[in-house]
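Peer 1: run_35.cif is the file, holding mmCIF, C-alpha atoms:
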```
data_run
#
loop_
_atom_site.label_atom_id
_atom_site.label_comp_id
_atom_site.auth_asym_id
_atom_site.auth_seq_id
_atom_site.Cartn_x
_atom_site.Cartn_y
_atom_site.Cartn_z
CA MET A 1332 -59.80 -37.31 110.99
CA LYS A 1333 -61.37 -39.38 113.77
CA GLY A 1334 -58.22 -39.08 115.88
CA LEU A 1335 -58.13 -35.31 115.33
CA LYS A 1336 -61.79 -35.00 116.36
CA GLY A 1337 -61.05 -37.00 119.49
CA PHE A 1338 -58.15 -34.69 120.36
CA PHE A 1339 -60.27 -31.55 119.95
CA TRP A 1340 -63.09 -33.10 122.00
CA LEU A 1341 -60.64 -33.86 124.82
CA LEU A 1342 -59.25 -30.33 124.52
CA PHE A 1343 -62.76 -28.90 124.76
CA LYS A 1344 -63.63 -31.00 127.82
CA CYS A 1345 -60.53 -29.73 129.62
CA PHE A 1346 -61.36 -26.16 128.71
CA GLY A 1347 -65.00 -26.71 129.66
CA ALA A 1348 -63.90 -27.75 133.16
CA TYR A 1349 -61.72 -24.63 133.32
CA SER A 1350 -64.68 -22.47 132.24
CA LEU A 1351 -66.91 -23.93 134.95
CA LEU A 1352 -64.23 -23.21 137.57
CA VAL A 1353 -63.93 -19.59 136.38
CA TYR A 1354 -67.72 -19.14 136.40
CA ALA A 1355 -68.01 -20.59 139.90
CA LEU A 1356 -65.25 -18.39 141.31
CA THR A 1357 -66.68 -15.27 139.70
CA TYR A 1358 -70.25 -15.97 140.82
CA TRP A 1359 -69.60 -17.04 144.41
CA VAL A 1360 -66.27 -15.15 145.02
CA PRO A 1361 -65.26 -17.67 147.72
CA THR A 1362 -61.60 -16.71 148.04
CA PRO A 1363 -59.38 -13.60 147.69
CA HIS A 1364 -56.32 -15.69 146.72
CA TRP A 1365 -54.28 -14.13 143.93
CA ALA A 1366 -54.56 -17.31 141.82
CA ALA A 1367 -58.35 -16.96 141.87
CA GLY A 1368 -57.89 -13.34 140.80
CA PHE A 1369 -56.11 -14.42 137.62
CA LEU A 1370 -58.75 -17.07 136.90
CA MET A 1371 -61.70 -14.69 137.36
CA MET A 1372 -60.05 -12.05 135.19
CA SER A 1373 -59.96 -14.58 132.34
CA LEU A 1374 -63.76 -14.93 132.18
CA PRO A 1375 -64.18 -12.99 128.89
CA VAL A 1376 -61.46 -15.17 127.34
CA ALA A 1377 -63.31 -18.31 128.48
CA ILE A 1378 -66.50 -17.16 126.75
CA ILE A 1379 -64.66 -16.20 123.53
CA VAL A 1380 -62.88 -19.57 123.36
CA ASN A 1381 -66.19 -21.38 123.91
CA LEU A 1382 -67.62 -19.38 121.01
CA PHE A 1383 -64.75 -20.67 118.89
CA PHE A 1384 -65.50 -24.26 119.97
CA PHE A 1385 -69.19 -23.74 119.23
CA VAL A 1386 -68.48 -22.64 115.65
CA PHE A 1387 -65.90 -25.43 115.20
CA TRP A 1388 -68.28 -28.20 116.29
CA ILE A 1389 -71.14 -26.77 114.20
CA PHE A 1390 -69.11 -27.71 111.10
CA VAL A 1391 -67.44 -30.87 112.44
CA ASP A 1392 -70.09 -32.54 114.63
CA ALA A 1393 -73.29 -30.54 115.20
CA LYS A 1394 -74.39 -32.55 118.24
CA LYS A 1395 -71.21 -31.74 120.11
CA SER A 1396 -71.78 -28.00 119.54
CA LEU A 1397 -74.50 -28.15 122.22
CA ALA A 1398 -71.83 -28.47 124.94
CA PRO A 1399 -70.01 -25.16 124.25
CA LEU A 1400 -73.41 -23.55 123.58
CA PHE A 1401 -74.44 -24.56 127.11
CA LEU A 1402 -71.28 -22.97 128.53
CA ILE A 1403 -71.90 -19.78 126.56
CA CYS A 1404 -75.47 -19.58 127.86
CA LEU A 1405 -74.21 -20.25 131.39
CA GLY A 1406 -71.72 -17.42 131.03
CA SER A 1407 -74.46 -15.02 129.93
CA VAL A 1408 -75.28 -14.46 133.61
CA PHE A 1409 -72.26 -12.13 133.60
CA LEU A 1410 -73.48 -10.12 130.58
CA PRO A 1411 -74.87 -7.24 132.72
CA ARG A 1412 -71.37 -6.68 134.11
CA THR A 1413 -69.96 -6.50 130.60
CA TYR A 1414 -72.43 -4.76 128.31
CA GLN A 1415 -75.58 -2.70 128.70
CA PHE A 1416 -78.07 -2.06 125.95
CA SER A 1417 -79.33 1.50 125.56
CA LYS A 1418 -81.34 2.66 128.55
CA SER A 1419 -83.21 5.92 128.61
CA GLY A 1420 -82.26 7.87 131.73
CA GLU A 1421 -84.69 10.17 133.44
CA GLU A 1422 -84.25 13.93 133.42
CA VAL A 1423 -85.48 15.41 136.66
CA ASP A 1424 -85.79 18.94 138.02
CA LYS A 1425 -83.16 19.29 140.76
CA LYS A 1426 -85.23 21.53 142.98
CA LYS A 1427 -88.35 19.34 142.86
CA ALA A 1428 -86.77 15.91 143.13
CA GLY A 1429 -83.72 16.59 145.29
CA GLU A 1430 -81.55 15.36 142.45
CA PHE A 1431 -77.75 15.62 142.75
CA LYS A 1432 -74.94 14.66 140.39
CA VAL A 1433 -71.73 12.81 141.17
CA ILE A 1434 -68.71 12.81 138.86
CA ASN A 1435 -66.08 10.11 139.19
CA TYR A 1436 -62.85 10.93 137.33
CA ASN A 1437 -59.25 9.81 137.78
CA VAL A 1438 -57.59 13.02 136.60
CA TYR A 1439 -54.06 11.58 136.21
CA GLY A 1440 -52.55 14.34 138.33
CA PHE A 1441 -53.72 16.93 135.78
CA TRP A 1442 -50.65 15.87 133.79
CA VAL A 1443 -48.23 17.38 136.32
CA THR A 1444 -45.06 15.39 135.61
CA GLY A 1445 -41.35 16.02 135.26
CA ARG A 1446 -41.88 16.24 131.48
CA HIS A 1447 -44.79 18.65 131.67
CA THR A 1448 -45.24 20.74 128.50
CA ARG A 1449 -47.36 23.67 127.33
CA GLU A 1450 -49.53 21.16 125.51
CA ASP A 1451 -50.17 19.52 128.88
CA ASP A 1452 -51.08 22.95 130.29
CA ALA A 1453 -53.80 23.29 127.65
CA LYS A 1454 -55.04 19.77 128.34
CA THR A 1455 -55.18 20.52 132.07
CA ASP A 1456 -57.19 23.69 131.52
CA LYS A 1457 -59.66 21.88 129.26
CA MET A 1458 -60.06 19.07 131.80
CA LYS A 1459 -60.84 21.46 134.65
CA ASP A 1460 -63.17 23.55 132.50
CA TRP A 1461 -65.04 20.44 131.38
CA LEU A 1462 -65.48 19.29 134.98
CA VAL A 1463 -66.96 22.63 136.05
CA GLU A 1464 -69.22 22.82 132.98
CA GLN A 1465 -70.96 19.56 133.99
CA ASP A 1466 -72.45 21.38 136.99
CA ALA A 1467 -72.13 18.29 139.20
CA ASP A 1468 -72.64 18.61 142.94
CA ILE A 1469 -69.91 16.21 144.05
CA LEU A 1470 -66.55 15.46 142.41
CA CYS A 1471 -64.60 12.32 143.30
CA MET A 1472 -61.09 12.57 141.82
CA PRO A 1473 -58.32 10.01 142.35
CA GLU A 1474 -54.79 11.17 141.46
CA PHE A 1475 -55.61 14.81 142.16
CA THR A 1476 -52.59 17.11 142.22
CA ASN A 1477 -52.26 20.56 143.73
CA GLU A 1478 -49.06 22.53 143.07
CA PRO A 1479 -49.26 26.00 144.68
CA SER A 1480 -45.84 26.97 143.36
CA ILE A 1481 -47.26 26.96 139.80
CA SER A 1482 -50.19 29.33 139.39
CA SER A 1483 -51.97 27.26 136.74
CA PHE A 1484 -51.97 24.19 139.02
CA ARG A 1485 -53.51 25.73 142.11
CA ASN A 1486 -56.33 23.30 141.60
CA ILE A 1487 -57.89 23.48 145.04
CA GLN A 1488 -58.35 27.24 144.66
CA TYR A 1489 -59.71 26.74 141.14
CA PHE A 1490 -62.51 24.38 142.24
CA LYS A 1491 -63.33 26.43 145.33
CA LYS A 1492 -63.84 29.49 143.12
CA ALA A 1493 -66.03 27.36 140.82
CA GLY A 1494 -68.47 26.73 143.65
CA TYR A 1495 -67.01 23.67 145.35
CA LYS A 1496 -66.53 25.31 148.74
CA TYR A 1497 -66.13 22.05 150.64
CA TYR A 1498 -63.49 19.40 150.04
CA ASN A 1499 -61.52 16.67 151.75
CA THR A 1500 -58.26 15.04 150.70
CA LEU A 1501 -56.76 11.68 151.50
CA ARG A 1502 -53.50 13.29 152.51
CA GLY A 1503 -54.53 16.76 153.58
CA ALA A 1504 -51.37 17.53 155.51
CA LYS A 1505 -49.10 16.95 152.53
CA ILE A 1506 -51.31 19.04 150.28
CA LYS A 1507 -51.04 21.93 152.74
CA ASP A 1508 -47.27 21.50 152.76
CA ASN A 1509 -47.23 22.38 149.04
CA SER A 1510 -46.65 18.81 147.95
CA SER A 1511 -47.59 17.83 144.40
CA LEU A 1512 -48.24 14.25 145.52
CA HIS A 1513 -51.13 12.58 143.73
CA THR A 1514 -53.99 12.00 146.14
CA LEU A 1515 -57.70 11.23 146.36
CA VAL A 1516 -59.98 14.29 146.71
CA ILE A 1517 -63.73 14.75 147.06
CA PHE A 1518 -65.16 18.22 146.35
CA SER A 1519 -68.74 19.21 147.19
CA LYS A 1520 -71.04 22.15 146.67
CA TYR A 1521 -72.84 21.02 149.83
CA PRO A 1522 -71.42 21.02 153.38
CA ILE A 1523 -69.20 18.14 154.47
CA VAL A 1524 -70.06 17.43 158.11
CA ASN A 1525 -67.94 14.35 158.75
CA HIS A 1526 -65.02 12.53 157.15
CA LYS A 1527 -62.55 9.71 157.62
CA GLU A 1528 -59.42 8.64 155.74
CA ALA A 1529 -57.32 5.51 155.39
CA ALA A 1530 -54.20 6.07 153.29
CA PHE A 1531 -52.31 3.12 151.82
CA GLU A 1532 -49.24 3.02 149.60
CA GLN A 1533 -48.39 5.93 147.31
CA GLN A 1534 -51.60 7.68 146.18
CA ASN A 1535 -53.93 4.83 147.12
CA GLY A 1536 -56.48 4.73 149.91
CA LEU A 1537 -60.08 5.08 151.05
CA MET A 1538 -61.95 8.13 152.26
CA TYR A 1539 -65.53 8.94 153.12
CA VAL A 1540 -67.32 12.25 153.51
CA ASP A 1541 -70.81 12.77 154.89
CA VAL A 1542 -72.44 15.43 152.72
CA VAL A 1543 -75.62 17.28 153.68
CA VAL A 1544 -77.55 17.51 150.41
CA ARG A 1545 -80.44 19.85 151.16
CA LYS A 1546 -82.29 18.04 153.97
CA ASP A 1547 -80.53 14.70 153.64
CA THR A 1548 -77.10 13.37 154.54
CA VAL A 1549 -75.33 11.10 152.06
CA ARG A 1550 -72.09 9.21 152.66
CA VAL A 1551 -69.78 9.33 149.63
CA ILE A 1552 -66.95 6.82 149.86
CA GLY A 1553 -64.07 7.59 147.52
CA VAL A 1554 -61.67 4.80 146.69
CA HIS A 1555 -58.39 4.41 144.89
CA LEU A 1556 -57.41 0.81 145.45
CA TYR A 1557 -53.90 -0.58 145.08
CA SER A 1558 -52.42 0.36 141.72
CA MET A 1559 -50.55 -2.34 139.83
CA SER A 1560 -48.77 0.22 137.58
CA LEU A 1561 -48.74 -2.20 134.66
CA LYS A 1562 -46.35 -1.29 131.86
CA LEU A 1563 -48.26 -3.01 129.07
CA LYS A 1564 -47.02 -0.57 126.43
CA THR A 1565 -43.47 -1.52 127.36
CA LEU A 1566 -44.38 -5.21 127.22
CA VAL A 1567 -45.95 -5.11 123.75
CA SER A 1568 -43.07 -3.04 122.39
CA GLN A 1569 -40.48 -5.71 123.24
CA LYS A 1570 -38.80 -7.28 120.22
CA GLU A 1571 -36.39 -9.67 121.92
CA ILE A 1572 -37.23 -12.83 123.90
CA ALA A 1573 -35.26 -11.65 126.94
CA GLY A 1574 -37.23 -8.40 127.08
CA ILE A 1575 -40.56 -10.20 126.67
CA LYS A 1576 -39.69 -12.62 129.49
CA ARG A 1577 -38.56 -9.79 131.78
CA GLU A 1578 -41.65 -7.64 131.21
CA THR A 1579 -44.02 -10.62 131.40
CA LYS A 1580 -42.56 -11.67 134.74
CA GLY A 1581 -42.75 -8.09 136.03
CA THR A 1582 -46.38 -7.75 134.90
CA PHE A 1583 -47.32 -11.06 136.54
CA ASN A 1584 -45.70 -10.09 139.85
CA ARG A 1585 -47.36 -6.65 139.92
CA MET A 1586 -50.77 -8.19 139.24
CA LYS A 1587 -50.20 -10.88 141.89
CA ASN A 1588 -49.24 -8.24 144.47
CA GLY A 1589 -52.28 -6.17 143.51
CA PHE A 1590 -54.74 -9.03 144.04
CA SER A 1591 -53.26 -9.69 147.49
CA ALA A 1592 -53.01 -6.06 148.61
CA ARG A 1593 -56.57 -5.11 147.72
CA PHE A 1594 -58.08 -7.73 150.02
CA SER A 1595 -57.46 -5.74 153.23
CA GLU A 1596 -58.63 -2.56 151.47
CA ILE A 1597 -61.90 -4.22 150.48
CA GLU A 1598 -62.55 -5.42 154.03
CA LEU A 1599 -62.22 -1.87 155.39
CA MET A 1600 -64.43 -0.52 152.61
CA GLU A 1601 -67.15 -3.05 153.41
CA THR A 1602 -67.00 -2.08 157.09
CA TRP A 1603 -67.59 1.56 156.20
CA ILE A 1604 -70.54 0.60 153.99
CA ARG A 1605 -72.19 -1.64 156.59
CA GLU A 1606 -71.71 0.83 159.45
CA SER A 1607 -72.93 3.89 157.57
CA PRO A 1608 -76.02 5.54 159.10
CA HIS A 1609 -76.60 7.30 155.76
CA PRO A 1610 -77.27 6.28 152.14
CA VAL A 1611 -73.98 5.29 150.50
CA ILE A 1612 -72.44 6.13 147.13
CA LEU A 1613 -69.15 4.38 146.45
CA CYS A 1614 -67.00 5.73 143.63
CA GLY A 1615 -63.43 5.90 142.40
CA ASP A 1616 -60.69 3.93 140.69
CA PHE A 1617 -60.87 0.31 141.83
CA ASN A 1618 -58.12 -1.14 139.60
CA GLU A 1619 -60.28 -4.26 139.29
CA THR A 1620 -62.34 -5.65 136.41
CA PRO A 1621 -66.08 -6.49 136.73
CA TYR A 1622 -65.17 -10.18 137.16
CA SER A 1623 -62.95 -9.69 140.21
CA TYR A 1624 -63.22 -10.68 143.85
CA PHE A 1625 -63.74 -7.04 144.79
CA TYR A 1626 -66.52 -6.48 142.26
CA GLY A 1627 -68.41 -9.62 143.24
CA ARG A 1628 -68.19 -8.78 146.94
CA THR A 1629 -69.26 -5.16 146.45
CA ARG A 1630 -72.29 -5.88 144.27
CA ARG A 1631 -73.66 -8.02 147.11
CA LEU A 1632 -73.94 -4.84 149.18
CA LEU A 1633 -74.64 -2.16 146.58
CA LYS A 1634 -75.96 -1.79 143.05
CA ASN A 1635 -73.58 -0.85 140.26
CA ALA A 1636 -74.66 2.32 138.44
CA PHE A 1637 -73.35 1.12 135.06
CA GLU A 1638 -75.30 -2.13 135.33
CA GLU A 1639 -78.49 -0.25 136.18
CA LYS A 1640 -78.39 2.74 133.82
CA GLY A 1641 -75.25 2.45 131.70
CA GLU A 1642 -74.85 1.90 127.98
CA GLY A 1643 -72.47 -0.16 125.85
CA PHE A 1644 -69.30 -1.60 127.38
CA GLY A 1645 -68.62 1.42 129.59
CA PHE A 1646 -64.85 1.09 129.31
CA THR A 1647 -63.13 3.61 131.58
CA TYR A 1648 -59.44 3.21 130.70
CA ASN A 1649 -58.37 4.70 127.38
CA LYS A 1650 -54.77 3.43 127.21
CA ILE A 1651 -53.48 -0.10 126.68
CA PRO A 1652 -55.34 -2.46 127.08
CA TRP A 1653 -58.30 -0.05 126.37
CA PHE A 1654 -61.10 -2.60 126.86
CA ILE A 1655 -61.47 -2.59 130.65
CA ARG A 1656 -63.81 -0.93 133.15
CA ILE A 1657 -61.95 -0.27 136.39
CA ASP A 1658 -63.70 2.95 137.53
CA ASN A 1659 -67.13 2.54 139.08
CA GLN A 1660 -70.01 4.06 140.95
CA PHE A 1661 -71.99 1.84 143.32
CA TYR A 1662 -75.00 2.99 145.34
CA ASP A 1663 -77.52 1.84 147.97
CA ASP A 1664 -80.65 1.25 145.90
CA LYS A 1665 -82.80 0.83 149.03
CA LYS A 1666 -82.17 4.45 150.03
CA LEU A 1667 -81.20 6.12 146.76
CA THR A 1668 -82.79 6.45 143.31
CA LEU A 1669 -80.49 6.44 140.28
CA TYR A 1670 -81.93 8.50 137.42
CA ASN A 1671 -79.17 8.18 134.86
CA PHE A 1672 -75.54 7.20 134.44
CA LYS A 1673 -73.09 7.94 131.67
CA THR A 1674 -69.48 7.09 130.88
CA TRP A 1675 -67.90 9.77 128.70
CA LYS A 1676 -65.84 7.78 126.20
CA ASN A 1677 -64.99 10.84 124.10
CA ILE A 1678 -63.47 12.80 127.02
CA LYS A 1679 -59.79 11.80 126.96
CA TYR A 1680 -58.05 14.55 128.89
CA SER A 1681 -56.80 11.87 131.31
CA ASP A 1682 -55.86 8.20 130.87
CA HIS A 1683 -59.28 7.40 132.40
CA ASN A 1684 -62.75 8.30 131.17
CA PRO A 1685 -65.09 10.19 133.53
CA SER A 1686 -68.55 9.01 134.57
CA ILE A 1687 -71.57 10.89 135.91
CA GLY A 1688 -74.41 9.48 137.99
CA THR A 1689 -77.54 11.39 138.99
CA TYR A 1690 -79.21 10.40 142.26
CA SER A 1691 -81.79 11.42 144.83
CA VAL A 1692 -82.56 10.20 148.33
CA LYS A 1693 -85.70 8.12 148.60
CA ARG A 1694 -88.39 9.53 150.89
CA GLU A 1695 -90.14 7.34 153.42
CA ARG A 1696 -93.88 7.37 152.99
#
```
As structure tokens, what does this structure read like?

Peer 2:
Amino acid sequence: MKGLKGFFWLLFKCFGAYSLLVYALTYWVPTPHWAAGFLMMSLPVAIIVNLFFFVFWIFVDAKKSLAPLFLICLGSVFLPRTYQFSKSGEEVDKKKAGEFKVINYNVYGFWVTGRHTREDDAKTDKMKDWLVEQDADILCMPEFTNEPSISSFRNIQYFKKAGYKYYNTLRGAKIKDNSSLHTLVIFSKYPIVNHKEAAFEQQNGLMYVDVVVRKDTVRVIGVHLYSMSLKLKTLVSQKEIAGIKRETKGTFNRMKNGFSARFSEIELMETWIRESPHPVILCGDFNETPYSYFYGRTRRLLKNAFEEKGEGFGFTYNKIPWFIRIDNQFYDDKKLTLYNFKTWKNIKYSDHNPSIGTYSVKRER
């Protein structure tokens, strides 16, 4: 028994050192290297394993349980990124407070695929109707698809008729050429007076629009960072060793490429934030967890709306692996007031869940 206790204590010390490394990388985000990306992503696992060690040592050697308890308490600094207890948002009169709503929703191309069915048509109609019913002022939609050759998918016309007279797309030229390519779009009920785009691979890229909301101008930066296109459903469905090895290797390589590719995207995004003459709202599909290099860098410049006014875990992806938050809204808290923020977990028209933030521009006294 003594030898077994010694082995587990050595095992814990090794894992404790690993936990401290993960905490340090996540807190200080010193490097964008892909290896650090994998380590930071494992932070929830580190805390769960330390919980296991805590319970184990409670029964085996109570004094030693203080060590994993210390690591658990140290990891609690990341709790706000993970879970938010119920917060009562403020309801404000739009006309009096200058309130405006922003919806962030990866719409999965409105289900326009080669295997599109009538059931998908109904899902598309419900998704668009739900978006309009929210009466938001600005819509940020990664993976937007417009297909003029099919009447039910003339989505640009649909939102313009619904009151969103102003819009900008990441790849405007291809949309006008009747392409059904997935792209990033921002719609607004208020005038867009300036815009800029930076398209990357496939449907990914960055775009900002300067929107005149009543008497104020707000810069909304829409993002859809590098997609790793993980096939986790394919991985978990493998029954043979060869298939598991193949899919595991493919998943690892896609994640590695994603960590590396997003570094240059983040640098450009930060430049746009720092150079903006207007209050900034940053929203979209970041394809990064709250423990990533991107997230740590961004929260140094802006507040995260979920952390300030969210509730629960705020998971935004409703397919495998389900328990991740990769869609976000960030905002400049020095120039903007956030009244409330909500992630709609029960709205599953897409593979992502939508979120709504309500803001107003702060007035100088």

Peer 1: Interatomic distance between atom CA of A:Glu1606 and atom CA of A:Asn1635?

Peer 2: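 So the two atoms, atom CA of A:Glu1606 and atom CA of A:Asn1635, lie 19.4 Å apart.
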
Peer 1: Find, counting all atoms listed in the file, the residue in A:Arg1656, A:Gly1368, A:Asp1663, A:Tyr1648 that gets nearest to A:Arg1605.

Peer 2: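 The closest residue to A:Arg1605 is A:Asp1663.
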
Peer 1: Tell me which protein, DNA and RNA residues are within 12 Å of A:Thr1602, counting all atoms listed in the file, leaving out same-chain ones fewer than 6 positions away, and put them as a PyMOL selection string.

Peer 2: chain A and resi 1537+1539+1552+1595-1596+1608+1629+1632

Peer 1: Okay, now the selection with C-alpha atoms, as a compact mmCIF listing (two decimals), in the coordinates of the input?

Peer 2:
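Final output, saved to again.txt:
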```
# COMPACT_ATOMS: atom_id res chain seq x y z
CA LEU A 1537 -60.08 5.08 151.05
CA TYR A 1539 -65.53 8.94 153.12
CA ILE A 1552 -66.95 6.82 149.86
CA SER A 1595 -57.46 -5.74 153.23
CA GLU A 1596 -58.63 -2.56 151.47
CA PRO A 1608 -76.02 5.54 159.10
CA THR A 1629 -69.26 -5.16 146.45
CA LEU A 1632 -73.94 -4.84 149.18
```

Peer 1: Pick out the closest residue to A:Lys1693 from this set: A:Pro1621, A:Gly1627, A:Pro1610, A:Gly1615. Count all atoms listed in the file.

Peer 2: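 Counting all atoms listed in the file, the residue closest to A:Lys1693 is A:Pro1610.
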
Peer 1: Let me know the residues the PyMOL selection byres ((chain A and resi 1500) around 6) catches in the file above, as a VMD selection string.

Peer 2: chain A and resid 1499 1501 to 1503 1515 to 1516

Peer 1: Keeping C-alpha atoms, export the residues of the selection given above as a PDB file, keeping the file's coordinate frame.

Peer 2:
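File produced: again-v7.pdb:
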```pdb
ATOM      1  CA  ASN A1499     -61.520  16.670 151.750  1.00  0.00           C
ATOM      2  CA  LEU A1501     -56.760  11.680 151.500  1.00  0.00           C
ATOM      3  CA  ARG A1502     -53.500  13.290 152.510  1.00  0.00           C
ATOM      4  CA  GLY A1503     -54.530  16.760 153.580  1.00  0.00           C
ATOM      5  CA  LEU A1515     -57.700  11.230 146.360  1.00  0.00           C
ATOM      6  CA  VAL A1516     -59.980  14.290 146.710  1.00  0.00           C
TER       7      VAL A1516
END
```

Peer 1: I'd like the neighbourhood of A:Phe1654 as a PyMOL selection string, where a residue qualifies if any of its atoms comes within 12 Å (using all atoms listed in the file), though same-chain residues fewer than 3 positions away should be ignored.

Peer 2: chain A and resi 1375+1413-1414+1620-1621+1643-1651+1657+1676+1683-1684

Peer 1: Given the selection you just returned, output its residues as a file containing C-alpha atoms, formatted as a PDB file, in the frame of the given file.

Peer 2:
```
ATOM      1  CA  PRO A1375     -64.180 -12.990 128.890  1.00  0.00           C
ATOM      2  CA  THR A1413     -69.960  -6.500 130.600  1.00  0.00           C
ATOM      3  CA  TYR A1414     -72.430  -4.760 128.310  1.00  0.00           C
ATOM      4  CA  THR A1620     -62.340  -5.650 136.410  1.00  0.00           C
ATOM      5  CA  PRO A1621     -66.080  -6.490 136.730  1.00  0.00           C
ATOM      6  CA  GLY A1643     -72.470  -0.160 125.850  1.00  0.00           C
ATOM      7  CA  PHE A1644     -69.300  -1.600 127.380  1.00  0.00           C
ATOM      8  CA  GLY A1645     -68.620   1.420 129.590  1.00  0.00           C
ATOM      9  CA  PHE A1646     -64.850   1.090 129.310  1.00  0.00           C
ATOM     10  CA  THR A1647     -63.130   3.610 131.580  1.00  0.00           C
ATOM     11  CA  TYR A1648     -59.440   3.210 130.700  1.00  0.00           C
ATOM     12  CA  ASN A1649     -58.370   4.700 127.380  1.00  0.00           C
ATOM     13  CA  LYS A1650     -54.770   3.430 127.210  1.00  0.00           C
ATOM     14  CA  ILE A1651     -53.480  -0.100 126.680  1.00  0.00           C
ATOM     15  CA  ILE A1657     -61.950  -0.270 136.390  1.00  0.00           C
ATOM     16  CA  LYS A1676     -65.840   7.780 126.200  1.00  0.00           C
ATOM     17  CA  HIS A1683     -59.280   7.400 132.400  1.00  0.00           C
ATOM     18  CA  ASN A1684     -62.750   8.300 131.170  1.00  0.00           C
TER      19      ASN A1684
END
```

Peer 1: Give the answer as one residue: which of A:Lys1640, A:Phe1617, A:Pro1685, A:Thr1668 has the shortest atom-to-atom distance to A:Ser1417, using all atoms listed in the file?

Peer 2: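 Closest residue, counting all atoms listed in the file: A:Lys1640.
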
Peer 1: Excluding A:Gly1641 and its own-chain neighbours fewer than 6 positions away, which residues fall within 6 Å of it when counting all atoms listed in the file? Please give them as a ChimeraX atom specification.

Peer 2: /A:1415,1672-1673

Peer 1: Just the number, please: distance in Å from atom CA of A:Leu1335 to atom CA of A:Leu1351, one decimal.

Peer 2: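 Interatomic distance, atom CA of A:Leu1335 to atom CA of A:Leu1351: 24.3 Å.
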
Peer 1: Just say which residues the PyMOL selection byres ((chain A and resi 1346-1350) around 9) picks in this file, as a PyMOL selection string.

Peer 2: chain A and resi 1341-1345+1351-1355+1370+1374+1377-1378+1380-1381+1398-1399+1402+1406

Peer 1: Interatomic distance between atom CA of A:Phe1401 and atom CA of A:Glu1638?

Peer 2: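 Atom CA of A:Glu1638 lies 23.9 Å from atom CA of A:Phe1401.
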
Peer 1: Which of these residues is nearest to A:Thr1674, using only C-alpha atoms: A:Trp1442, A:Phe1409, A:Tyr1690, A:Phe1637?

Peer 2: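 Nearest candidate to A:Thr1674 out of A:Trp1442, A:Phe1409, A:Tyr1690, A:Phe1637: A:Phe1637.
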
Peer 1: Extract, using all atoms listed in the file, all DNA, RNA and protein residues at most 9 Å from A:Tyr1439, discarding same-chain residues fewer than 4 positions from it, and format them as an MDAnalysis selection string.

Peer 2: chainID A and resid 1443 1473:1476 1513 1680:1683
